[in-house]
6 protein chains.
Amino acid sequence: MLVVTNAPRADVDVVNGLGALGVATVHEAQGRKGLLASHMRPVWSGARVAGSALTCEVAPGDNWMIHVAVELARPGDVLVVTPTSPCDDGYIGDLLATALAARGVAGIVIDAGVRDVARLAEMKFPVWSKTISAQGTVKETIANVQVPILCAGARVSPGDVVLADDDGVCIVSRSEAAGVLAKARAREEKEEALRRRYAAGELGLDINNMRERLKQKGLRYVDAKDL
Amino acid sequence: MLVVTNAPRADVDVVNGLGALGVATVHEAQGRKGLLASHMRPVWSGARVAGSALTCEVAPGDNWMIHVAVELARPGDVLVVTPTSPCDDGYIGDLLATALAARGVAGIVIDAGVRDVARLAEMKFPVWSKTISAQGTVKETIANVQVPILCAGARVSPGDVVLADDDGVCIVSRSEAAGVLAKARAREEKEEALRRRYAAGELGLDINNMRERLKQKGLRYVDAKDL
Amino acid sequence: MLVVTNAPRADVDVVNGLGALGVATVHEAQGRKGLLASHMRPVWSGARVAGSALTCEVAPGDNWMIHVAVELARPGDVLVVTPTSPCDDGYIGDLLATALAARGVAGIVIDAGVRDVARLAEMKFPVWSKTISAQGTVKETIANVQVPILCAGARVSPGDVVLADDDGVCIVSRSEAAGVLAKARAREEKEEALRRRYAAGELGLDINNMRERLKQKGLRYVDAKDL
Amino acid sequence: MLVVTNAPRADVDVVNGLGALGVATVHEAQGRKGLLASHMRPVWSGARVAGSALTCEVAPGDNWMIHVAVELARPGDVLVVTPTSPCDDGYIGDLLATALAARGVAGIVIDAGVRDVARLAEMKFPVWSKTISAQGTVKETIANVQVPILCAGARVSPGDVVLADDDGVCIVSRSEAAGVLAKARAREEKEEALRRRYAAGELGLDINNMRERLKQKGLRYVDAKDL
Amino acid sequence: MLVVTNAPRADVDVVNGLGALGVATVHEAQGRKGLLASHMRPVWSGARVAGSALTCEVAPGDNWMIHVAVELARPGDVLVVTPTSPCDDGYIGDLLATALAARGVAGIVIDAGVRDVARLAEMKFPVWSKTISAQGTVKETIANVQVPILCAGARVSPGDVVLADDDGVCIVSRSEAAGVLAKARAREEKEEALRRRYAAGELGLDINNMRERLKQKGLRYVDAKDL
Amino acid sequence: MLVVTNAPRADVDVVNGLGALGVATVHEAQGRKGLLASHMRPVWSGARVAGSALTCEVAPGDNWMIHVAVELARPGDVLVVTPTSPCDDGYIGDLLATALAARGVAGIVIDAGVRDVARLAEMKFPVWSKTISAQGTVKETIANVQVPILCAGARVSPGDVVLADDDGVCIVSRSEAAGVLAKARAREEKEEALRRRYAAGELGLDINNMRERLKQKGLRYVDAKDL
């Protein structure tokens with residue numbers, strides 16, 4: 001089992017830029033990849049984070065490696081934890097969150113359970129998890145830290161950009177992040193324009209010239225009184 | 001595939017009357033039918049809506065028909081969307097919500113996913129969905145709009161009354177709505193009286209004369225010290 | 001079927017002491033037992049309760065026995081309801097909650113559904129349930145009240161201490177409660193000390209002398225540039 | 001609550017014709033409607049049935065109405081049972097299956113549980129269910145028999161054709177059944193021809209002239225050595 | 001953590017008697033208690049076992065205690081394994097099954113995963129599990145063996161009778177087993193008589209005199225042509 | 001969207017060697033990685049396959065790309081299909097299976113639904129899927145073929161070795177396959193020796209010298225009569 005030190009981090013400006021745009025926009029802009037499964041939900045409503053992935057495998061029911069990850073943490077990191085087989089235990093509570101926050105960690109994404117969630121909300125410490133559970137864990141089995149992992153159906157490498165908000169969690173690979181940011185900003189502008197048109201009552205059917213293609217596909221309009 | 005225009009709407013006064021009473025009371029009053037499955041949850045807590053059903057089928061991973069539905073929308077409609085096979089993608093985000101709100105649509109009920117939920121909450125636009133997902137959709141496949149559909153285990157026809165609140169979603173058929181309103185009001189009055197008696201410490205066992213029937217069924221009371 | 005009257009209650013001071021410490025701490029302190037399954041969630045965020053278990057079996061789709069339980073309720077009880085086979089119906093709404101609150105019941109834990117949840121939140125009446133559903137129930141079938149039950153994977157006897165908060169629900173047996181309180185207080189103190197050290201930037205690896213054991217297990221550190 | 005006697009049955013020849021073609025072919029032929037949710041599985045592998053729907057609602061945990069349905073059963077009927085709220089209890093065992101078989105019932109479709117499944121397999125009595133459970137039921141609450149119902153997400157009216165095999169369960173409305181049979185036979189012939197061409201190594205890309213359209217959509221071919 | 005040696009076993013004749021009757025009949029006969037959740041399914045179809053419970057807790061992802069349990073096994077035991085928090089790993093494969101079979105263990109009930117299931121079927125070694133998974137486990141954490149446990153929602157004490165077949169798994173407490181056997185035999189006789197009457201075409205409505213009570217409950221019969 | 005032609009294949013001898021050993025043994029031998037989620041089950045019992053991965057993405061409810069994949073298929077390939085968002089539709093039936101078999105494809109692994117499963121079993125064509133569903137798909141949306149994909153929680157690259165049997169599905173990367181084969185054979189030999197010792201009644205506790213370590217961890221043995 002391996003712990004990789006001094007893994008690269010994502011560029012802070014790019015992270016912040018992507019964070020300002022949010023999960024839904026960035027996910028679209030990068031071609032709909034990198035989205036974690038929809039069971040990953042924020043522990044408190046309104047949480048929002050962007051950071052550099054600090055990846056951590058854990059054995060089922062065993063949070064030992066999270067202590068190893070804490071030491072590697074740098075300000076702006078988002079800890080991304082995946083169990084080596086599915087587990088709903090509460091791997092992280094307010095103590096570990098305190099330790100992570102003290103190292104400048106910006107948030108946690110974990111495909112398992114967390115606990116002390118009332119406290120996490122008070123701390124305004126952003127956490128996305130599969131479930132909430134008071135079930136504690138042991139410290140007996142080692143696993144890899146800061147290696148590429150699969151988390152909730154997405155691939156995460158150390159230093160990838162992690163974005164999370166009320167819509168879920170999305171990963172942008174470090175090498176593509178600057179390009180994705182440019183595309184996401186372009187998309188955001190386009191969407192803002194579209195939003196104004198929609199708000200003014202314009203129809204998607206007209207804006208996107210959909211009527212002809214719908215007709216070709218065979219869509220028929222019938223008045224209710226003629227049925 | 002068919003789009004039905006000028007489908008009838010529910011009576012506004014009846015809609016408002018039912019909306020004031022809420023899902024649980026109306027569902028009981030109409031004989032416990034029309035309830036959508038309990039996986040249909042409000043995207044933001046405290047959402048509440050009543051309106052006339054604007055029904056819309058969509059293909060899995062394809063939100064094209066929602067654009068068709070927008071054109072048909074009238075003030076007071078609630079858009080009810082069902083995928084032709086189960087799908088958790090985020091069919092609707094803040095753009096489509098803006099377009100729908102601009103047409104006066106009062107809310108959305110969708111047996112699939114939605115996204116931009118932080119924005120939907122800010123807009124105070126009421127949405128009930130199966131899940132939350134940033135996963136976008138395509139526009140390739142047509143389906144029916146404003147025809148009777150099955151949504152989350154309930155039958156919904158265009159113009160049926162759609163009620164939704166923190167307890168879930170309930171459908172009242174247009175033809176029965178006025179009668180159901182009368183029954184629901186009667187029930188509400190009865191429940192209010194009951195509430196006062198319960199609050200004063202009266203027992204359901206006495207109010208409903210249950211003791212004799214419980215005894216006949218074989219219920220025995222034993223003091224703990226005699227066990 | 002049996003209703004046991006005058007079942008013992010937990011000691012009020014012990015209940016309050018445990019309630020102040022919360023589910024996660026107490027669950028750890030008693031050796032990680034008594035936790036209900038993680039599908040048991042509070043109906044409104046921030047709910048928190050501690051009390052003496054008033055246990056109640058119900059048939060699927062049938063809430064008759066809850067009326068029987070109301071009569072047995074004493075101030076400080078927490079009603080714990082389990083269906084004899086899995087059911088998601090809304091067994092309890094604001095009427096029964098009103099009746100229970102009038103008898104001084106402190107909260108409800110039910111491995112099934114509840115309804116009128118907006119009202120329950122307004123009443124600040126704490127409820128943990130498996131789901132939320134407007135589906136009502138009948139009153140036809142009897143079951144046991146105030147006997148030992150299994151609820152959401154845990155054993156609950158009348159008079160056991162029931163603790164519930166945003167982390168879930170935990171049961172402490174009445175006979176062990178005083179001892180568990182002592183252990184939980186000791187744990188809380190220890191955790192508070194640890195919290196301060198973590199907040200100051202100390203590492204779990206150092207505090208717990210983990211480095212040597214990790215090495216023995218075979219954990220290797222490699223610098224990213226040497227990969 | 002209503003029991004409808006002398007409800008119409010589907011035409012036997014049409015039933016047999018559809019039964020010979022199977023669920024997947026018929027479902028396609030009727031425009032992909034009428035399919036029950038995929039959680040409906042045969043209790044024993046290889047089961048296959050076609051018949052006329054005998055519809056039956058049941059309360060959760062209560063199989064009383066099935067006894068009422070038995071009396072209404074005619075040879076060739078398929079009993080279709082739906083609980084009024086979700087329930088996994090074992091509503092039907094070998095006794096009720098014996099009673100149904102004695103009346104000539106051809107099989108059972110139930111969106112709940114069944115038991116005595118080893119015996120049902122020995123009897124070669126075809127049953128599709130949501131689950132298998134030994135949990136018995138009571139006889140306390142009435143419901144409707146031989147009225148239109150919703151079962152596992154599909155609408156079923158008395159006398160509709162019920163088809164079920166290892167692929168699941170599909171409903172064909174009685175009024176459309178003859179037309180669907182004609183379309184399904186045409187489809188079967190077309191598929192048989194296609195099967196021969198595929199077996200001979202022909203490609204769907206060529207048979208359906210897909211290459212041009214794929215190119216227009218933007219599909220690019222790249223040799224692995226050029227990546 | 002505790003390992004209890006020389007725990008009592010169930011009476012062999014009673015075990016065999018109950019085993020001959022099967023899960024569904026015995027569960028009914030003992031008042032519908034002791035049934036494990038319906039997610040417990042046989043690994044190979046047609047498996048059937050009756051024996052004396054050898055109970056074993058395991059940590060998530062850790063099968064160490066099963067090795068401890070093997071030493072305690074006696075001929076006729078059924079190993080009953082429960083993880084201390086939910087886990088789907090494959091705790092037991094053909095090696096452990098071989099070791100258990102060598103000690104005379106009659107079968108396994110485990111609320112987790114197993115592997116090598118093709119081999120288990122070849123060995124005709126009966127196993128009921130929550131899932132099938134090739135995921136292996138570690139040997140790091142201890143737990144209790146031969147103490148009362150909760151398994152898949154039921155309480156199991158060492159020496160209780162474990163019955164399992166295609167309908168699921170049922171536990172009969174050792175102290176009640178002889179009485180339950182007598183009741184179950186009586187039930188079986190009654191059911192056999194009923195089976196003959198049903199097979200002869202008699203109706204449950206008549207045999208159980210249900211018509212009057214159905215009428216009192218409000219059930220109405222209407223001929224389809226009068227609707 | 002990209003289709004990669006002439007992607008490398010795994011070495012046939014290595015594939016056959018791994019196939020002879022099975023999923024559970026190979027998964028252990030390669031350090032417990034590459035296992036697909038346990039919801040991936042064989043469509044017919046006893047199916048078993050080993051081959052070279054032919055990877056294929058599909059849009060939800062759209063099987064167009066499978067036709068593209070058929071053309072690329074070579075004898076010994078196993079088609080591995082993943083939807084770009086979760087979908088349970090029946091993407092593949094006997095027609096596509098016929099086309100694939102005609103090209104020499106050895107089997108299918110699909111994280112979605114399949115249909116015509118009775119026919120697939122007759123054809124002895126091995127298929128692992130998430131579910132069984134008669135729901136058909138459209139041909140409107142393109143996706144990538146023969147690129148690295150994520151399928152049911154595992155990473156699969158074109159030419160990786162795919163192993164599947166009754167225990168599930170495991171992926172071995174092409175570059176590591178020969179090494180894994182050597183390790184797996186060594187493991188198999190060691191397990192065979194162990195199997196003989198277990199069959200002879202030896203205990204894991206003795207073979208693995210576990211008693212001392214269990215004692216150090218705090219495991220205590222108590223005779224039942226001393227409790």
# chains A, B, ... in the order shown; residues from 1 in each chain; ligands from 1
call {"tool": "calpha_fit_and_write", "arguments": {"fixed": "chain B", "moving": "chain E", "output": "short mmCIF file (atom, residue, chain, number, x, y, z; two decimals) with C-alpha atoms, in the first residue's frame"}}
result
data_model
loop_
_atom_site.label_atom_id
_atom_site.label_comp_id
_atom_site.auth_asym_id
_atom_site.auth_seq_id
_atom_site.Cartn_x
_atom_site.Cartn_y
_atom_site.Cartn_z
CA MET E 1 -46.71 10.75 -30.96
CA LEU E 2 -49.31 13.29 -29.99
CA VAL E 3 -49.46 16.78 -28.53
CA VAL E 4 -52.95 17.73 -27.40
CA THR E 5 -53.67 21.45 -27.43
CA ASN E 6 -56.40 23.28 -25.57
CA ALA E 7 -56.83 20.51 -23.06
CA PRO E 8 -59.26 21.46 -20.29
CA ARG E 9 -58.01 22.91 -17.01
CA ALA E 10 -59.29 22.38 -13.50
CA ASP E 11 -61.52 25.01 -11.93
CA VAL E 12 -59.36 27.65 -10.24
CA ASP E 13 -61.51 27.98 -7.14
CA VAL E 14 -61.56 24.25 -6.62
CA VAL E 15 -57.78 24.10 -7.12
CA ASN E 16 -57.26 26.85 -4.55
CA GLY E 17 -59.67 25.24 -2.12
CA LEU E 18 -57.90 21.90 -2.33
CA GLY E 19 -54.51 23.58 -2.12
CA ALA E 20 -55.45 25.19 1.16
CA LEU E 21 -56.22 21.79 2.67
CA GLY E 22 -53.07 19.94 1.69
CA VAL E 23 -52.11 16.50 0.43
CA ALA E 24 -52.80 14.36 3.49
CA THR E 25 -56.32 15.64 4.09
CA VAL E 26 -57.37 15.59 0.44
CA HIS E 27 -55.93 12.11 -0.13
CA GLU E 28 -58.00 10.77 2.74
CA ALA E 29 -61.07 12.66 1.63
CA GLN E 30 -61.04 11.15 -1.85
CA GLY E 31 -60.78 7.58 -0.59
CA ARG E 32 -57.00 7.19 -0.53
CA LYS E 33 -56.33 7.20 -4.23
CA GLY E 34 -54.15 9.34 -6.47
CA LEU E 35 -51.08 9.43 -4.23
CA LEU E 36 -47.70 9.37 -5.98
CA ALA E 37 -45.00 7.07 -4.62
CA SER E 38 -43.19 8.35 -1.53
CA HIS E 39 -39.90 8.76 -3.40
CA MET E 40 -41.34 12.01 -4.80
CA ARG E 41 -39.87 14.69 -2.53
CA PRO E 42 -39.80 18.49 -2.62
CA VAL E 43 -36.48 19.93 -3.81
CA TRP E 44 -36.68 22.61 -1.10
CA SER E 45 -38.36 22.25 2.24
CA GLY E 46 -41.69 24.01 2.72
CA ALA E 47 -42.64 24.02 -0.98
CA ARG E 48 -46.39 23.78 -1.59
CA VAL E 49 -48.41 23.98 -4.76
CA ALA E 50 -51.83 23.32 -6.27
CA GLY E 51 -52.60 23.53 -9.97
CA SER E 52 -53.92 21.99 -13.13
CA ALA E 53 -51.90 19.09 -14.59
CA LEU E 54 -49.94 19.73 -17.79
CA THR E 55 -48.76 16.20 -18.58
CA CYS E 56 -45.56 15.37 -20.43
CA GLU E 57 -43.83 12.14 -21.34
CA VAL E 58 -40.08 12.16 -21.93
CA ALA E 59 -37.69 9.53 -23.25
CA PRO E 60 -34.94 8.39 -20.85
CA GLY E 61 -32.16 11.00 -20.85
CA ASP E 62 -34.10 13.28 -23.21
CA ASN E 63 -35.94 16.47 -22.22
CA TRP E 64 -37.07 17.59 -25.66
CA MET E 65 -40.76 17.25 -24.96
CA ILE E 66 -40.53 19.62 -22.01
CA HIS E 67 -39.83 22.39 -24.50
CA VAL E 68 -42.96 21.36 -26.35
CA ALA E 69 -44.90 21.44 -23.08
CA VAL E 70 -43.71 24.96 -22.24
CA GLU E 71 -45.59 26.34 -25.25
CA LEU E 72 -48.81 24.72 -24.07
CA ALA E 73 -48.49 26.00 -20.51
CA ARG E 74 -51.07 28.33 -19.01
CA PRO E 75 -50.96 30.24 -15.74
CA GLY E 76 -51.77 27.91 -12.85
CA ASP E 77 -50.58 24.74 -14.57
CA VAL E 78 -48.34 22.26 -12.77
CA LEU E 79 -46.04 20.44 -15.17
CA VAL E 80 -46.13 16.68 -14.54
CA VAL E 81 -43.31 14.77 -16.23
CA THR E 82 -42.85 11.01 -16.49
CA PRO E 83 -40.02 9.22 -18.30
CA THR E 84 -41.08 6.35 -20.57
CA SER E 85 -38.60 4.17 -18.69
CA PRO E 86 -37.00 4.93 -15.30
CA CYS E 87 -34.26 7.59 -15.45
CA ASP E 88 -32.58 9.77 -12.82
CA ASP E 89 -31.04 12.40 -15.12
CA GLY E 90 -31.47 16.09 -14.36
CA TYR E 91 -34.14 16.91 -16.94
CA ILE E 92 -34.91 20.40 -15.67
CA GLY E 93 -32.65 23.16 -14.40
CA ASP E 94 -33.06 26.85 -13.74
CA LEU E 95 -33.34 27.72 -17.45
CA LEU E 96 -36.39 25.58 -18.08
CA ALA E 97 -37.78 26.61 -14.69
CA THR E 98 -37.41 30.24 -15.77
CA ALA E 99 -39.23 29.52 -19.04
CA LEU E 100 -42.02 27.71 -17.18
CA ALA E 101 -42.33 30.42 -14.53
CA ALA E 102 -42.53 33.02 -17.30
CA ARG E 103 -45.60 31.21 -18.67
CA GLY E 104 -47.19 31.21 -15.22
CA VAL E 105 -46.54 27.58 -14.42
CA ALA E 106 -46.98 27.11 -10.67
CA GLY E 107 -44.62 24.17 -10.14
CA ILE E 108 -43.18 20.91 -11.40
CA VAL E 109 -43.69 17.25 -10.49
CA ILE E 110 -41.18 14.94 -12.20
CA ASP E 111 -40.49 11.24 -11.63
CA ALA E 112 -36.83 11.74 -12.53
CA GLY E 113 -34.04 14.17 -11.59
CA VAL E 114 -33.68 17.95 -11.58
CA ARG E 115 -30.65 20.25 -11.19
CA ASP E 116 -29.74 23.82 -10.23
CA VAL E 117 -31.68 23.17 -7.05
CA ALA E 118 -30.05 25.99 -5.10
CA ARG E 119 -31.37 28.36 -7.77
CA LEU E 120 -34.82 26.74 -7.76
CA ALA E 121 -34.97 27.34 -4.01
CA GLU E 122 -33.93 30.98 -4.46
CA MET E 123 -36.62 31.40 -7.12
CA LYS E 124 -39.10 29.80 -4.67
CA PHE E 125 -40.18 27.68 -7.61
CA PRO E 126 -41.80 24.53 -6.21
CA VAL E 127 -40.46 21.24 -7.59
CA TRP E 128 -41.03 17.61 -6.53
CA SER E 129 -38.68 15.02 -7.99
CA LYS E 130 -37.35 11.51 -7.58
CA THR E 131 -33.79 12.69 -7.26
CA ILE E 132 -31.34 15.54 -7.76
CA SER E 133 -28.73 15.17 -10.48
CA ALA E 134 -26.54 17.47 -12.56
CA GLN E 135 -26.64 14.96 -15.42
CA GLY E 136 -27.95 16.73 -18.52
CA THR E 137 -30.18 15.34 -21.25
CA VAL E 138 -30.39 15.32 -25.06
CA LYS E 139 -33.14 16.38 -27.49
CA GLU E 140 -33.54 13.51 -29.94
CA THR E 141 -36.68 11.51 -29.19
CA ILE E 142 -40.31 12.58 -29.21
CA ALA E 143 -43.11 11.47 -26.89
CA ASN E 144 -46.65 12.44 -25.99
CA VAL E 145 -47.70 15.72 -24.34
CA GLN E 146 -51.04 16.42 -22.66
CA VAL E 147 -52.24 12.82 -22.80
CA PRO E 148 -53.13 10.68 -19.73
CA ILE E 149 -49.91 9.36 -18.16
CA LEU E 150 -48.74 7.22 -15.26
CA CYS E 151 -46.38 9.13 -12.97
CA ALA E 152 -44.75 7.54 -9.91
CA GLY E 153 -47.54 4.98 -9.65
CA ALA E 154 -50.50 7.31 -10.15
CA ARG E 155 -52.63 8.13 -13.17
CA VAL E 156 -52.62 11.78 -14.24
CA SER E 157 -54.81 13.25 -16.97
CA PRO E 158 -54.45 16.75 -18.39
CA GLY E 159 -56.44 19.14 -16.24
CA ASP E 160 -56.47 16.95 -13.15
CA VAL E 161 -55.74 18.81 -9.92
CA VAL E 162 -52.17 18.36 -8.72
CA LEU E 163 -51.52 18.96 -5.03
CA ALA E 164 -48.05 18.80 -3.55
CA ASP E 165 -46.47 19.72 -0.23
CA ASP E 166 -43.97 18.32 2.27
CA ASP E 167 -46.08 15.13 2.52
CA GLY E 168 -45.77 14.30 -1.19
CA VAL E 169 -47.95 14.63 -4.29
CA CYS E 170 -51.61 13.75 -4.83
CA ILE E 171 -53.79 13.85 -7.94
CA VAL E 172 -57.51 14.60 -7.91
CA SER E 173 -59.36 13.90 -11.14
CA ARG E 174 -60.90 17.00 -12.68
CA SER E 175 -64.39 15.55 -12.76
CA GLU E 176 -64.33 14.62 -9.09
CA ALA E 177 -62.50 17.67 -7.78
CA ALA E 178 -65.47 19.72 -6.61
CA GLY E 179 -66.93 16.77 -4.73
CA VAL E 180 -63.59 15.95 -3.20
CA LEU E 181 -63.21 19.55 -2.05
CA ALA E 182 -66.51 19.36 -0.20
CA LYS E 183 -65.51 16.10 1.46
CA ALA E 184 -62.07 17.40 2.31
CA ARG E 185 -63.49 20.53 3.96
CA ALA E 186 -65.83 18.38 6.01
CA ARG E 187 -62.92 16.20 6.99
CA GLU E 188 -60.82 19.20 7.92
CA GLU E 189 -63.55 20.47 10.23
CA LYS E 190 -63.91 17.09 11.84
CA GLU E 191 -60.17 16.84 12.29
CA GLU E 192 -59.99 20.31 13.81
CA ALA E 193 -62.55 19.29 16.42
CA LEU E 194 -60.63 16.09 17.05
CA ARG E 195 -57.39 18.03 17.35
CA ARG E 196 -58.85 20.14 20.14
CA ARG E 197 -60.06 17.05 22.01
CA TYR E 198 -56.69 15.34 21.63
CA ALA E 199 -54.92 18.52 22.74
CA ALA E 200 -57.13 18.51 25.83
CA GLY E 201 -55.92 15.01 26.66
CA GLU E 202 -58.87 12.95 25.48
CA LEU E 203 -58.03 9.51 24.17
CA GLY E 204 -58.74 8.03 20.75
CA LEU E 205 -59.79 4.88 22.60
CA ASP E 206 -62.64 6.81 24.21
CA ILE E 207 -63.54 9.17 21.38
CA ASN E 208 -63.86 6.24 18.99
CA ASN E 209 -65.24 3.68 21.44
CA MET E 210 -62.45 1.26 20.67
CA ARG E 211 -62.14 -0.58 23.97
CA GLU E 212 -64.84 -3.16 23.41
CA ARG E 213 -63.68 -4.03 19.92
CA LEU E 214 -60.06 -4.38 21.06
CA LYS E 215 -61.22 -6.78 23.74
CA GLN E 216 -63.20 -8.83 21.22
CA LYS E 217 -60.13 -9.09 19.04
CA GLY E 218 -58.32 -10.59 22.03
CA LEU E 219 -56.20 -7.73 23.34
CA ARG E 220 -55.20 -8.38 26.94
CA TYR E 221 -53.82 -5.90 29.47
CA VAL E 222 -51.30 -7.16 31.99
CA ASP E 223 -49.52 -5.18 34.65
CA ALA E 224 -45.73 -5.30 34.31
CA LYS E 225 -45.36 -6.54 37.87
CA ASP E 226 -47.51 -9.58 37.04
CA LEU E 227 -45.34 -10.74 34.15
#
call {"tool": "select_by_dssp", "arguments": {"residues": "segment 10-103 of chain D", "states": "strand (DSSP E or B)", "output": "PyMOL selection string"}}
result
chain D and resi 35+41-42+49-58+62+77-83+87+90-92
call {"tool": "select_by_dssp", "arguments": {"residues": "segment 5-100 of chain A", "states": "helix (DSSP H, G or I)", "output": "MDAnalysis selection string"}}
result
chainID A and resid 12:21 23:29 64:72 94:100
call {"tool": "decode", "arguments": {"residues": "segment 52-64 of chain B", "atoms": "N, CA, C and O atoms", "output": "PDB file, in the first residue's frame"}}
result
ATOM      1  N   SER B  52     -53.265  22.822 -12.113  1.00  0.00           N
ATOM      2  CA  SER B  52     -53.909  21.998 -13.123  1.00  0.00           C
ATOM      3  C   SER B  52     -52.811  21.234 -13.869  1.00  0.00           C
ATOM      4  O   SER B  52     -51.840  21.839 -14.326  1.00  0.00           O
ATOM      5  N   ALA B  53     -52.975  19.918 -14.015  1.00  0.00           N
ATOM      6  CA  ALA B  53     -51.900  19.102 -14.585  1.00  0.00           C
ATOM      7  C   ALA B  53     -51.662  19.382 -16.068  1.00  0.00           C
ATOM      8  O   ALA B  53     -52.592  19.324 -16.877  1.00  0.00           O
ATOM      9  N   LEU B  54     -50.416  19.687 -16.399  1.00  0.00           N
ATOM     10  CA  LEU B  54     -49.937  19.745 -17.780  1.00  0.00           C
ATOM     11  C   LEU B  54     -49.023  18.543 -17.920  1.00  0.00           C
ATOM     12  O   LEU B  54     -47.924  18.522 -17.376  1.00  0.00           O
ATOM     13  N   THR B  55     -49.487  17.486 -18.599  1.00  0.00           N
ATOM     14  CA  THR B  55     -48.760  16.210 -18.582  1.00  0.00           C
ATOM     15  C   THR B  55     -47.767  16.105 -19.727  1.00  0.00           C
ATOM     16  O   THR B  55     -48.026  16.556 -20.842  1.00  0.00           O
ATOM     17  N   CYS B  56     -46.663  15.441 -19.454  1.00  0.00           N
ATOM     18  CA  CYS B  56     -45.577  15.388 -20.421  1.00  0.00           C
ATOM     19  C   CYS B  56     -44.766  14.105 -20.269  1.00  0.00           C
ATOM     20  O   CYS B  56     -44.200  13.851 -19.212  1.00  0.00           O
ATOM     21  N   GLU B  57     -44.739  13.304 -21.324  1.00  0.00           N
ATOM     22  CA  GLU B  57     -43.840  12.150 -21.346  1.00  0.00           C
ATOM     23  C   GLU B  57     -42.474  12.579 -21.876  1.00  0.00           C
ATOM     24  O   GLU B  57     -42.385  13.451 -22.742  1.00  0.00           O
ATOM     25  N   VAL B  58     -41.428  11.934 -21.385  1.00  0.00           N
ATOM     26  CA  VAL B  58     -40.095  12.166 -21.943  1.00  0.00           C
ATOM     27  C   VAL B  58     -39.388  10.827 -22.110  1.00  0.00           C
ATOM     28  O   VAL B  58     -39.637   9.889 -21.349  1.00  0.00           O
ATOM     29  N   ALA B  59     -38.528  10.742 -23.115  1.00  0.00           N
ATOM     30  CA  ALA B  59     -37.694   9.551 -23.272  1.00  0.00           C
ATOM     31  C   ALA B  59     -36.609   9.573 -22.194  1.00  0.00           C
ATOM     32  O   ALA B  59     -36.282  10.630 -21.660  1.00  0.00           O
ATOM     33  N   PRO B  60     -36.017   8.403 -21.852  1.00  0.00           N
ATOM     34  CA  PRO B  60     -34.938   8.413 -20.858  1.00  0.00           C
ATOM     35  C   PRO B  60     -33.764   9.263 -21.349  1.00  0.00           C
ATOM     36  O   PRO B  60     -33.317   9.103 -22.490  1.00  0.00           O
ATOM     37  N   GLY B  61     -33.314  10.175 -20.517  1.00  0.00           N
ATOM     38  CA  GLY B  61     -32.162  11.021 -20.861  1.00  0.00           C
ATOM     39  C   GLY B  61     -32.457  12.042 -21.939  1.00  0.00           C
ATOM     40  O   GLY B  61     -31.541  12.539 -22.596  1.00  0.00           O
ATOM     41  N   ASP B  62     -33.716  12.429 -22.121  1.00  0.00           N
ATOM     42  CA  ASP B  62     -34.108  13.289 -23.239  1.00  0.00           C
ATOM     43  C   ASP B  62     -35.219  14.236 -22.778  1.00  0.00           C
ATOM     44  O   ASP B  62     -36.318  13.803 -22.469  1.00  0.00           O
ATOM     45  N   ASN B  63     -34.929  15.535 -22.751  1.00  0.00           N
ATOM     46  CA  ASN B  63     -35.943  16.470 -22.243  1.00  0.00           C
ATOM     47  C   ASN B  63     -36.622  17.303 -23.336  1.00  0.00           C
ATOM     48  O   ASN B  63     -37.204  18.359 -23.056  1.00  0.00           O
ATOM     49  N   TRP B  64     -36.550  16.814 -24.566  1.00  0.00           N
ATOM     50  CA  TRP B  64     -37.079  17.600 -25.690  1.00  0.00           C
ATOM     51  C   TRP B  64     -38.547  17.990 -25.499  1.00  0.00           C
ATOM     52  O   TRP B  64     -38.956  19.125 -25.743  1.00  0.00           O
TER      53      TRP B  64
END
